Amino acid sequence: MKPFDVVILGAGIVGSACAYECALAGMRVAVVEPAVPAGAASAAGMGHLVVMDDSEAQLALSHFSRELWRELREALPQTVEYEECGTLWVAADAEEMEEVLAKQQRYANSGIASEMLDERALLEAEPGLRHGLAGGLRVPQDGVIYPPTAAGYFLSVAQQRGAQLIQGKRPVRAAEGEVVFEDGSRLSAGWIVIATGTDTSLCPWLKIQPRKGHLVITDRYPGVVRHQLVELGYLKSAHSVSTDSVAFNVQPRKTGQLLIGSSRQYGELKRKADPEMLRRMLDRAVEYMPSLKQLSVVRVWTGFRAATPDKLPLIGPTPDSTVLVAMGFEGLGITNAPGAAKLVLHHLTGAAVPMDPMAFLPSRVARAEAVHA
Ligand SMILES: Cc1cc2nc3c(=O)[nH]c(=O)nc-3n(C[C@H](O)[C@H](O)[C@H](O)COP(=O)(O)OP(=O)(O)OC[C@H]3O[C@@H](n4cnc5c(N)ncnc54)[C@H](O)[C@@H]3O)c2cc1C
């Protein structure tokens with residue numbers, strides 16, 4: 001008998017959530033992490049738990065996942081800093097207010113609570129925003145967490161259920177139920193789940209591109225911002241596939257600090273912060289919230305999102321019947337990790353999920369290319 005039912009490669013938030021689900025389902029689980037658990041994108045992300053409505057599939061996965069986070073909130077340790085602060089989508093003008101209405105209808109059709117705000121109500125909700133904005137949409141059940149400790153929670157529950165963490169060894173091959181490590185050692189399992197973020201060295205056929213982002217964190221200013229604030233144009237920025245872009249995106253942390261984002265860059269692989277992108281990102285933030293200019297910044301960092309051609313993650317089986325992937329989460333991997341783990345469990349055991357798993361199959365990229373060829 002093979003020593004493990006499933007070996008999960010990568011202990012970011014996605015791999016850790018997969019380990020959690022598989023261990024709770026009674027499987028014998030190993031998790032392989034060559035570096036630090038949750039030390040890559042999952043340490044760089046903002047931790048906004050948000051229902052995103054840019055496609056039906058994304059809406060279904062992010063809604064399902066946000067509800068899973070809400071169900072977990074009593075169990076999560078304090079260090080996860082879960083807070084249901086809500087998202088406030090900010091509309092700058094009348095055209096964006098029309099999009100607010102359309103967005104509210106899409107949410108309502110899926111049973112997601114949201115509330116339209118006019119200019120006065122927007123300023124009451126967030127007095128620091130500039131005057132003259134048109135209004136917004138409040139999605140009260142969205143929240144924020146601190147992602148590294150959330151990933152740590154999933155991993156520790158999995159370990160309490162017997163999962164083994166293998167750290168410091170780098171897999172160089174994963175196929176036919178066997179993982180081969182750099183040092184030549186091997187590990188066999190019924191299934192392998194590749195959850196290695198932007199690293200496609202084990203599955204080079206996947207179309208994933210790193211997309212750099214900058215974040216800034218301020219000193220402590222409790223109460224200055226109450227919701228996760230996002231400009232309505234955020235999706236335009238997230239969906240732009242060629243140009244560098246910035247969007248107003250500010251998050252209140254439980255510590256009173258503010259996280260300020262966001263930027264997106266393709267083809268930029270250097271970790272170093274780019275002063276020009278930072279300037280553009282902070283100018284955008286100050287344009288929406290002038291008082292931010294007075295606050296002290298304590299740290300700046302960058303991270304890489306794993307972007308796919310159609311903006312949806314790749315979750316499910318591959319041509320090798322022993323290998324699944326759970327990758328390509330772009331800017332939504334923290335939100336979508338619990339739902340992605342349920343989808344992985346669905347492919348392993350047939351457990352039900354409240355959405356169409358086909359929408360996330362890795363084969364769809366190859367299929368779409370064949371159709372367009
Ligand atoms: C600036 C920024 C802001 C973001 N904000 C948000 C947000 O507000 N909300 C949200 O939902 N998402 C957000 N994201 C996205 C989110 O951070 C990612 O989608 C998520 O962390 C991806 O998790 P992961 O487990 O797939 O990847 P990672 O966290 O990158 O983990 C992959 C792991 O695999 C390991 N690994 C690499 N190669 C191998 C190998 N050969 N074998 C085994 N293991 C390997 C790595 O060491 C790493 O630990 C943001 C991202 C960025 C960069």
# chains A, B, ... in the order shown; residues from 1 in each chain; ligands from 1

$ select_by_dssp --residues "range 292-351 of chain A" --states "strand (DSSP E or B)" --output "NGL selection string"
:A and (297-307 or 314-317 or 323-327)

$ residues_near_ligand --ligand "ligand 1" --cutoff "6 Å" --atoms "only C-alpha atoms and all ligand atoms" --output "PyMOL selection string"
chain A and resi 9-15+32-42+44-49+170-172+195-197+199+213-215+302-305+327+329-335

$ residues_around --residues "range 247-256 of chain A" --least-positions-apart "4" --cutoff "9 Å" --atoms "only C-alpha atoms" --output "number ranges by chain"
A: 46-48, 81-83, 85, 144-146, 218-238, 260-264, 281-282, 284-288

$ residues_around --residues "Pro362 in chain A" --least-positions-apart "2" --cutoff "10 Å" --atoms "only C-alpha atoms" --output "number ranges by chain"
A: 205-207, 312-319, 324-328, 358-360, 364-367

$ write_last_selection --atoms "N, CA and C atoms" --output "compact mmCIF listing (two decimals), in the first residue's frame"
# COMPACT_ATOMS: atom_id res chain seq x y z
N TRP A 205 3.05 22.82 -18.76
CA TRP A 205 2.01 23.00 -19.77
C TRP A 205 0.94 24.01 -19.33
N LEU A 206 0.91 24.35 -18.04
CA LEU A 206 -0.11 25.30 -17.56
C LEU A 206 0.27 26.72 -17.95
N LYS A 207 -0.73 27.47 -18.41
CA LYS A 207 -0.46 28.86 -18.80
C LYS A 207 -0.69 29.76 -17.60
N LEU A 312 -9.66 32.81 -14.46
CA LEU A 312 -10.20 31.83 -13.51
C LEU A 312 -9.10 30.88 -13.08
N PRO A 313 -9.16 30.37 -11.85
CA PRO A 313 -8.14 29.42 -11.43
C PRO A 313 -8.24 28.08 -12.16
N LEU A 314 -7.17 27.31 -12.06
CA LEU A 314 -7.10 25.98 -12.69
C LEU A 314 -7.20 24.96 -11.56
N ILE A 315 -8.33 24.29 -11.47
CA ILE A 315 -8.56 23.37 -10.35
C ILE A 315 -9.10 22.06 -10.91
N GLY A 316 -8.36 20.97 -10.72
CA GLY A 316 -8.90 19.68 -11.15
C GLY A 316 -7.86 18.77 -11.76
N PRO A 317 -8.35 17.69 -12.40
CA PRO A 317 -7.45 16.66 -12.91
C PRO A 317 -6.64 17.11 -14.12
N THR A 318 -5.57 16.38 -14.39
CA THR A 318 -4.71 16.61 -15.55
C THR A 318 -4.71 15.31 -16.37
N PRO A 319 -4.06 15.29 -17.52
CA PRO A 319 -4.03 14.04 -18.29
C PRO A 319 -3.44 12.86 -17.52
N LEU A 324 -3.49 16.23 -9.86
CA LEU A 324 -4.45 17.34 -9.97
C LEU A 324 -3.68 18.63 -9.75
N VAL A 325 -4.26 19.75 -10.19
CA VAL A 325 -3.65 21.04 -9.88
C VAL A 325 -4.68 21.93 -9.19
N ALA A 326 -4.17 22.88 -8.41
CA ALA A 326 -5.01 23.93 -7.79
C ALA A 326 -4.13 25.18 -7.81
N MET A 327 -4.18 25.89 -8.92
CA MET A 327 -3.26 27.01 -9.14
C MET A 327 -3.95 28.12 -9.95
N GLY A 328 -3.24 29.24 -10.09
CA GLY A 328 -3.73 30.30 -10.98
C GLY A 328 -4.82 31.16 -10.36
N MET A 358 -16.66 21.95 -13.81
CA MET A 358 -16.07 21.97 -15.16
C MET A 358 -15.49 23.35 -15.51
N ALA A 359 -16.08 24.40 -14.93
CA ALA A 359 -15.64 25.76 -15.27
C ALA A 359 -14.17 26.00 -14.91
N PHE A 360 -13.63 25.17 -13.99
CA PHE A 360 -12.28 25.42 -13.49
C PHE A 360 -11.27 24.38 -14.01
N ARG A 364 -9.53 23.44 -19.92
CA ARG A 364 -10.31 24.42 -20.68
C ARG A 364 -9.43 25.38 -21.47
N VAL A 365 -8.22 25.67 -20.95
CA VAL A 365 -7.33 26.60 -21.65
C VAL A 365 -6.91 25.97 -22.97
N ALA A 366 -6.51 24.70 -22.93
CA ALA A 366 -6.12 24.00 -24.15
C ALA A 366 -7.30 23.92 -25.11
N ARG A 367 -8.51 23.65 -24.55
CA ARG A 367 -9.71 23.54 -25.40
C ARG A 367 -9.99 24.86 -26.09

$ atom_distance --atom1 "CA of Ala307 in chain A" --atom2 "CA of Tyr266 in chain A"
9.2 Å

$ closest_residue --among "A:Asp274, A:Glu124, A:Asp54, A:Asp142" --to "Ala102 in chain A" --atoms "only C-alpha atoms"
A:Asp54

$ residues_around --residues "Ala19 in chain A" --least-positions-apart "3" --cutoff "9 Å" --atoms "only C-alpha atoms" --output "list in words"
Val6, Val7, Ile8, Ala11, Val14, Gly15, Ser16, Cys22, Ala23, Leu24, Val29, Ala30, Val31, Phe154, Leu155, Val157, Ala158, Gln159, Ala163 and Ala341 of chain A

$ write_last_selection --atoms "C-alpha atoms" --output "compact mmCIF listing (two decimals), in the first residue's frame"
# COMPACT_ATOMS: atom_id res chain seq x y z
CA VAL A 6 -2.63 12.25 -1.27
CA VAL A 7 0.51 14.35 -1.33
CA ILE A 8 0.04 18.09 -1.67
CA ALA A 11 1.94 24.90 1.62
CA VAL A 14 -4.34 26.86 -1.25
CA GLY A 15 -2.19 23.79 -0.50
CA SER A 16 -2.88 24.19 3.24
CA CYS A 22 -8.36 15.97 2.74
CA ALA A 23 -7.35 15.32 6.36
CA LEU A 24 -10.89 16.05 7.59
CA VAL A 29 -2.01 13.31 3.76
CA ALA A 30 1.53 14.60 3.17
CA VAL A 31 2.29 18.24 2.45
CA PHE A 154 -5.46 24.94 8.01
CA LEU A 155 -2.09 23.24 8.16
CA VAL A 157 -5.65 21.19 11.84
CA ALA A 158 -4.46 18.87 9.06
CA GLN A 159 -1.41 17.95 11.14
CA ALA A 163 -0.99 15.00 7.98
CA ALA A 341 -10.07 22.81 -1.52

$ residues_around --residues "Pro3 in chain A" --least-positions-apart "5" --cutoff "12 Å" --atoms "only C-alpha atoms" --output "PyMOL selection string"
chain A and resi 27-30+163-164+177-178+186-191

$ closest_residue --among "A:Pro309, A:Gly350, A:Pro140, A:Pro210" --to "Ala125 in chain A" --atoms "only C-alpha atoms"
A:Pro140

$ select_by_dssp --residues "range 1-234 of chain A" --states "alpha helix (DSSP H)" --output "ChimeraX atom specification"
/A:13-24,41-44,56-72,94-109,119-125,147-160,234

$ closest_residue --among "A:Glu74, A:Asp283, A:Asp244, A:Glu67" --to "Gly267 in chain A" --atoms "only C-alpha atoms"
A:Asp244

$ atom_distance --atom1 "CA of Glu268 in chain A" --atom2 "CA of Ala306 in chain A"
12.8 Å

$ residues_around --residues "Thr349 in chain A" --least-positions-apart "4" --cutoff "10 Å" --atoms "only C-alpha atoms" --output "PyMOL selection string"
chain A and resi 22+25+343-345

$ atom_distance --atom1 "CA of Phe181 in chain A" --atom2 "CA of Lys169 in chain A"
6.6 Å
